[in-house]
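Shown next: input-v1.cif, containing mmCIF, C-alpha atoms.
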```
data_entry
loop_
_atom_site.group_PDB
_atom_site.id
_atom_site.type_symbol
_atom_site.label_atom_id
_atom_site.label_comp_id
_atom_site.auth_asym_id
_atom_site.auth_seq_id
_atom_site.Cartn_x
_atom_site.Cartn_y
_atom_site.Cartn_z
ATOM 1 C CA MET A 389 28.608 24.338 -18.750
ATOM 2 C CA ALA A 390 25.772 24.188 -16.228
ATOM 3 C CA VAL A 391 25.598 22.835 -12.714
ATOM 4 C CA VAL A 392 22.388 20.838 -12.435
ATOM 5 C CA GLY A 393 20.996 19.694 -9.103
ATOM 6 C CA TYR A 394 18.702 16.834 -8.187
ATOM 7 C CA ALA A 395 16.833 16.771 -4.863
ATOM 8 C CA ARG A 396 14.565 13.989 -3.635
ATOM 9 C CA VAL A 397 12.682 13.005 -0.523
ATOM 10 C CA SER A 398 10.802 9.749 -0.051
ATOM 11 C CA THR A 399 7.443 10.848 1.289
ATOM 12 C CA SER A 400 5.118 13.795 0.932
ATOM 13 C CA GLY A 401 5.615 14.554 4.642
ATOM 14 C CA GLN A 402 9.291 15.278 4.053
ATOM 15 C CA ASP A 403 10.753 18.497 2.702
ATOM 16 C CA TYR A 404 13.561 18.897 0.160
ATOM 17 C CA GLU A 405 14.016 22.660 0.688
ATOM 18 C CA THR A 406 17.268 22.128 2.614
ATOM 19 C CA GLN A 407 18.659 20.096 -0.286
ATOM 20 C CA ILE A 408 17.622 22.811 -2.749
ATOM 21 C CA GLU A 409 19.296 25.509 -0.616
ATOM 22 C CA ARG A 410 22.543 23.497 -0.478
ATOM 23 C CA LEU A 411 22.472 22.773 -4.213
ATOM 24 C CA THR A 412 21.876 26.452 -4.977
ATOM 25 C CA ALA A 413 24.685 27.489 -2.600
ATOM 26 C CA ASN A 414 26.979 25.114 -4.499
ATOM 27 C CA GLY A 415 26.252 26.691 -7.866
ATOM 28 C CA ALA A 416 23.276 24.739 -9.202
ATOM 29 C CA ASP A 417 21.706 26.733 -12.037
ATOM 30 C CA LYS A 418 18.816 24.313 -12.570
ATOM 31 C CA ILE A 419 17.339 21.955 -9.964
ATOM 32 C CA PHE A 420 15.021 19.007 -10.445
ATOM 33 C CA SER A 421 13.159 17.882 -7.328
ATOM 34 C CA GLU A 422 10.537 15.304 -6.431
ATOM 35 C CA LYS A 423 8.849 13.419 -3.628
ATOM 36 C CA LYS A 424 9.290 9.774 -4.620
ATOM 37 C CA SER A 425 10.752 6.702 -2.989
ATOM 38 C CA GLY A 426 14.277 5.882 -4.085
ATOM 39 C CA LEU A 427 13.010 2.353 -4.744
ATOM 40 C CA ASP A 428 10.590 3.713 -7.323
ATOM 41 C CA GLY A 429 12.213 3.023 -10.692
ATOM 42 C CA LYS A 430 9.959 5.587 -12.355
ATOM 43 C CA ARG A 431 11.022 8.915 -10.947
ATOM 44 C CA PRO A 432 9.883 11.410 -13.596
ATOM 45 C CA GLU A 433 11.987 14.328 -12.387
ATOM 46 C CA LEU A 434 15.121 12.196 -12.273
ATOM 47 C CA LEU A 435 14.429 11.033 -15.820
ATOM 48 C CA ARG A 436 13.895 14.656 -16.910
ATOM 49 C CA CYS A 437 17.124 15.629 -15.157
ATOM 50 C CA LEU A 438 19.133 12.885 -16.856
ATOM 51 C CA GLU A 439 17.703 13.912 -20.231
ATOM 52 C CA TYR A 440 18.366 17.616 -19.537
ATOM 53 C CA VAL A 441 22.092 17.421 -18.739
ATOM 54 C CA ARG A 442 24.495 18.013 -21.628
ATOM 55 C CA GLU A 443 28.174 17.563 -22.302
ATOM 56 C CA GLY A 444 30.217 19.739 -19.967
ATOM 57 C CA ASP A 445 27.481 19.914 -17.302
ATOM 58 C CA THR A 446 27.873 18.648 -13.751
ATOM 59 C CA LEU A 447 25.079 16.838 -11.927
ATOM 60 C CA VAL A 448 25.143 17.486 -8.181
ATOM 61 C CA VAL A 449 23.225 15.787 -5.348
ATOM 62 C CA THR A 450 23.504 16.360 -1.612
ATOM 63 C CA LYS A 451 23.718 12.671 -0.689
ATOM 64 C CA LEU A 452 24.385 9.566 -2.729
ATOM 65 C CA ASP A 453 21.119 7.897 -1.729
ATOM 66 C CA ARG A 454 19.146 10.803 -3.223
ATOM 67 C CA LEU A 455 20.114 9.544 -6.681
ATOM 68 C CA ALA A 456 20.533 5.766 -6.636
ATOM 69 C CA ARG A 457 18.871 2.734 -5.082
ATOM 70 C CA SER A 458 21.931 0.487 -5.180
ATOM 71 C CA THR A 459 25.587 0.495 -6.108
ATOM 72 C CA ALA A 460 24.726 -1.101 -9.456
ATOM 73 C CA ASP A 461 22.047 1.532 -10.106
ATOM 74 C CA LEU A 462 24.466 4.324 -9.181
ATOM 75 C CA TYR A 463 27.205 2.978 -11.403
ATOM 76 C CA ARG A 464 24.798 2.585 -14.341
ATOM 77 C CA MET A 465 23.637 6.207 -14.002
ATOM 78 C CA VAL A 466 27.130 7.633 -13.554
ATOM 79 C CA THR A 467 28.359 5.630 -16.551
ATOM 80 C CA GLU A 468 25.510 7.013 -18.667
ATOM 81 C CA LEU A 469 26.356 10.519 -17.458
ATOM 82 C CA GLY A 470 30.035 9.972 -18.282
ATOM 83 C CA ASP A 471 29.124 8.729 -21.752
ATOM 84 C CA LYS A 472 27.297 12.036 -22.286
ATOM 85 C CA GLY A 473 30.301 13.998 -21.003
ATOM 86 C CA VAL A 474 28.511 14.956 -17.760
ATOM 87 C CA ALA A 475 30.401 15.034 -14.449
ATOM 88 C CA PHE A 476 28.862 13.895 -11.151
ATOM 89 C CA LYS A 477 29.391 15.227 -7.612
ATOM 90 C CA VAL A 478 27.983 14.425 -4.169
ATOM 91 C CA LEU A 479 28.147 17.294 -1.683
ATOM 92 C CA ASP A 480 28.206 15.113 1.459
ATOM 93 C CA ASP A 481 30.843 12.788 0.006
ATOM 94 C CA PRO A 482 33.513 14.764 -1.842
ATOM 95 C CA LEU A 483 35.278 11.545 -2.881
ATOM 96 C CA VAL A 484 32.399 10.886 -5.283
ATOM 97 C CA ASP A 485 33.346 13.509 -7.844
ATOM 98 C CA THR A 486 34.012 12.382 -11.398
ATOM 99 C CA THR A 487 35.756 15.667 -12.201
ATOM 100 C CA SER A 488 38.804 14.457 -10.243
ATOM 101 C CA ARG A 489 41.149 11.475 -10.611
ATOM 102 C CA THR A 490 40.321 10.332 -7.087
ATOM 103 C CA GLY A 491 36.601 10.577 -7.780
ATOM 104 C CA LYS A 492 37.009 8.472 -10.911
ATOM 105 C CA LEU A 493 38.941 5.927 -8.859
ATOM 106 C CA VAL A 494 36.136 5.829 -6.273
ATOM 107 C CA MET A 495 33.604 5.248 -9.074
ATOM 108 C CA GLY A 496 35.761 2.377 -10.351
ATOM 109 C CA VAL A 497 35.760 0.821 -6.899
ATOM 110 C CA LEU A 498 31.978 1.287 -6.709
ATOM 111 C CA ALA A 499 31.677 -0.479 -10.060
ATOM 112 C CA LEU A 500 33.598 -3.447 -8.673
ATOM 113 C CA ILE A 501 31.376 -3.480 -5.599
ATOM 114 C CA ALA A 502 28.275 -3.388 -7.831
ATOM 115 C CA GLU A 503 29.556 -6.354 -9.825
ATOM 116 C CA PHE A 504 30.402 -8.200 -6.596
ATOM 117 C CA GLU A 505 26.887 -7.536 -5.206
ATOM 118 C CA ALA A 506 25.299 -8.817 -8.419
ATOM 119 C CA ASP A 507 27.431 -11.978 -8.350
ATOM 120 C CA ILE A 508 26.520 -12.679 -4.723
ATOM 121 C CA ARG A 509 22.824 -12.084 -5.418
ATOM 122 C CA LYS A 510 22.930 -14.475 -8.389
ATOM 123 C CA GLU A 511 24.839 -17.078 -6.372
ATOM 124 C CA ARG A 512 22.240 -16.949 -3.579
ATOM 125 C CA GLN A 513 19.443 -17.207 -6.123
ATOM 126 C CA MET A 514 21.010 -20.285 -7.733
ATOM 127 C CA GLU A 515 21.530 -21.894 -4.305
ATOM 128 C CA GLY A 516 17.869 -21.275 -3.487
ATOM 129 C CA ILE A 517 16.744 -22.802 -6.779
ATOM 130 C CA ALA A 518 18.973 -25.859 -6.244
ATOM 131 C CA LYS A 519 17.637 -26.318 -2.705
ATOM 132 C CA ALA A 520 14.025 -26.046 -3.899
ATOM 133 C CA LYS A 521 14.672 -28.631 -6.635
ATOM 134 C CA ALA A 522 16.302 -30.967 -4.112
ATOM 135 C CA GLU A 523 13.167 -30.655 -1.977
ATOM 136 C CA GLY A 524 10.997 -31.457 -4.992
ATOM 137 C CA ARG A 525 9.706 -27.948 -5.504
ATOM 138 C CA VAL A 526 9.823 -26.357 -8.906
ATOM 139 C CA GLY A 527 9.880 -22.671 -9.725
ATOM 140 C CA GLY A 528 7.074 -20.577 -11.002
ATOM 141 C CA ARG A 529 3.509 -20.229 -9.955
ATOM 142 C CA PRO A 530 1.684 -23.332 -8.770
ATOM 143 C CA LYS A 531 -0.355 -25.006 -11.488
ATOM 144 C CA ILE A 532 -4.055 -24.325 -11.084
ATOM 145 C CA ILE A 533 -5.167 -26.401 -14.048
ATOM 146 C CA ASN A 534 -5.240 -30.060 -13.062
ATOM 147 C CA ASP A 535 -6.248 -33.149 -15.036
ATOM 148 C CA ALA A 536 -9.846 -32.969 -13.792
ATOM 149 C CA MET A 537 -10.153 -29.374 -15.054
ATOM 150 C CA VAL A 538 -8.726 -30.326 -18.438
ATOM 151 C CA ALA A 539 -11.223 -33.187 -18.702
ATOM 152 C CA ARG A 540 -14.093 -30.842 -17.787
ATOM 153 C CA ILE A 541 -12.983 -28.236 -20.378
ATOM 154 C CA VAL A 542 -12.783 -30.924 -23.067
ATOM 155 C CA GLU A 543 -16.191 -32.305 -22.057
ATOM 156 C CA LEU A 544 -17.813 -28.841 -22.205
ATOM 157 C CA ARG A 545 -16.192 -28.048 -25.554
ATOM 158 C CA ARG A 546 -17.246 -31.363 -27.072
ATOM 159 C CA GLY A 547 -20.822 -30.558 -26.076
ATOM 160 C CA GLY A 548 -20.509 -27.942 -28.792
ATOM 161 C CA ASP A 549 -23.024 -25.446 -27.514
ATOM 162 C CA LEU A 550 -20.771 -23.438 -25.151
ATOM 163 C CA SER A 551 -18.417 -20.675 -26.207
ATOM 164 C CA ILE A 552 -14.897 -20.487 -24.812
ATOM 165 C CA ARG A 553 -15.995 -17.528 -22.679
ATOM 166 C CA LYS A 554 -18.847 -19.606 -21.138
ATOM 167 C CA ILE A 555 -16.533 -22.572 -20.581
ATOM 168 C CA ALA A 556 -14.051 -20.258 -18.840
ATOM 169 C CA ALA A 557 -16.812 -18.955 -16.564
ATOM 170 C CA GLU A 558 -17.978 -22.513 -15.836
ATOM 171 C CA VAL A 559 -14.532 -23.764 -14.774
ATOM 172 C CA GLY A 560 -13.342 -20.522 -13.161
ATOM 173 C CA LEU A 561 -10.468 -19.752 -15.530
ATOM 174 C CA SER A 562 -9.687 -16.984 -17.954
ATOM 175 C CA LYS A 563 -10.624 -17.284 -21.598
ATOM 176 C CA ALA A 564 -6.914 -17.382 -22.493
ATOM 177 C CA SER A 565 -6.290 -20.295 -20.108
ATOM 178 C CA VAL A 566 -9.132 -22.298 -21.633
ATOM 179 C CA GLN A 567 -7.786 -21.552 -25.111
ATOM 180 C CA LYS A 568 -4.319 -22.775 -24.098
ATOM 181 C CA VAL A 569 -5.767 -26.017 -22.725
ATOM 182 C CA LEU A 570 -7.717 -26.597 -25.935
ATOM 183 C CA GLU A 571 -4.664 -25.832 -28.094
ATOM 184 C CA LYS A 572 -2.558 -28.373 -26.171
ATOM 185 C CA ILE A 573 -5.055 -31.193 -26.675
ATOM 186 C CA SER A 574 -5.722 -30.450 -30.350
#
```

Show me, as structure tokens, the structure contained in the file I just sent.
Amino acid sequence: MAVVGYARVSTSGQDYETQIERLTANGADKIFSEKKSGLDGKRPELLRCLEYVREGDTLVVTKLDRLARSTADLYRMVTELGDKGVAFKVLDDPLVDTTSRTGKLVMGVLALIAEFEADIRKERQMEGIAKAKAEGRVGGRPKIINDAMVARIVELRRGGDLSIRKIAAEVGLSKASVQKVLEKIS
């Protein structure tokens, strides 16, 4: 049963030594640390830490924002830890402690908040899409291949002496785009 710590700062100009000292003072046997933005989904030391912890271990961080980017992200990680039999504690917020009934209750409330945030985000997204449609705008990237370009591609291909690569260079598109145009008209 190990206590495992995770320390993170956002920029190389910051220092996580204070976090490491606090984690060590609170019994951390092994500490993973890195200088990465919390918004960076690919934090190698966090991934190593989450792979390292085993059933019966406790993962400890100094502050909640050291671990997760959002409530949904936090809940996902804590759920995965719980599924492995790993407890989770936050030193600056003793209510977030899955080794206690109250801490489990707090995590349940955070799960509800995460679901609420996701629902609101989706609702806003759907409202934005509906508004754009009402204004005559459609989603996705603007079309760069117009009827004149299609006609030019067909004309160059019918000439027979240009490869798809040369046609693409002539019209300013990728080879794949020219191939898609030719497939649609075949």

Resolved residues for the PyMOL selection byres ((chain A and resi 423) around 12) as a ChimeraX atom specification: /A:394-405,420-422,424-428,430-434,454

- prompt: Expressed in Å to a single decimal, how great is the separation between atom CA of Lys418 of chain A and atom CA of Ala475 of chain A?
  reply: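 Separation of atom CA of Lys418 of chain A and atom CA of Ala475 of chain A: 15.0 Å.
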
Which residue of A:Glu505, A:Glu571, A:Asp445, A:Asp485 approaches Asp417 of chain A most closely, using only C-alpha atoms: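 Looking only at the distances to Asp417 of chain A, the closest residue turns out to be A:Asp445.
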
statement: In Å and to one decimal, atom CA of Gly491 of chain A is distant from atom CA of Phe476 of chain A by 9.1 Å

- request: Run the PyMOL selection byres ((chain A and resi 444) around 9) on the file and write out the hits as a list in words.
  value: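 Evaluating the PyMOL selection byres ((chain A and resi 444) around 9) on these coordinates yields Met389, Ala390, Val441, Arg442, Glu443, Asp445, Thr446, Lys472, Gly473, Val474 and Ala475 of chain A.
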
task: Would you mind listing what lies within 12 Å of Leu561 of chain A as a PyMOL selection string, with all atoms listed in the file counted and same-chain residues fewer than 4 positions away left out?
output: chain A and resi 532-534+537-538+540-541+552-557+565-569

field: atom CA of Arg464 of chain A to atom CA of Thr412 of chain A, distance in Å rounded to a single decimal
entry: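 We find that atom CA of Arg464 of chain A and atom CA of Thr412 of chain A lie 25.8 Å from each other.
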
The PyMOL selection byres ((chain A and resi 459) around 10) resolved against shown file, as a list in words: Leu452, Asp453, Ala456, Arg457, Ser458, Ala460, Asp461, Leu462, Tyr463, Arg464, Met465, Met495, Leu498, Ala499, Leu500, Ile501, Ala502, Glu503, Phe504, Glu505 and Ala506 of chain A

query: For Leu483 of chain A, which residue among A:Gly496, A:Gln407, A:Asp471, A:Lys572 is the nearest when counting all atoms listed in the file?
result: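 So, comparing all the options, the nearest one is A:Gly496.
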
- request: Give the answer as one residue: which of A:Leu438, A:Leu447, A:Val466, A:Leu455 has the shortest atom-to-atom distance to Lys492 of chain A, using all atoms listed in the file?
  value: A:Val466

Please determine an axis-aligned box that encloses all atoms of segment 445-462 of chain A listed in the file, with 3 Å added on each side, and express its centre and edge lengths in Å to one decimal as JSON.
```
{"center_x": 23.4, "center_y": 9.4, "center_z": -9.0, "size_x": 15.0, "size_y": 27.0, "size_z": 22.6}
```
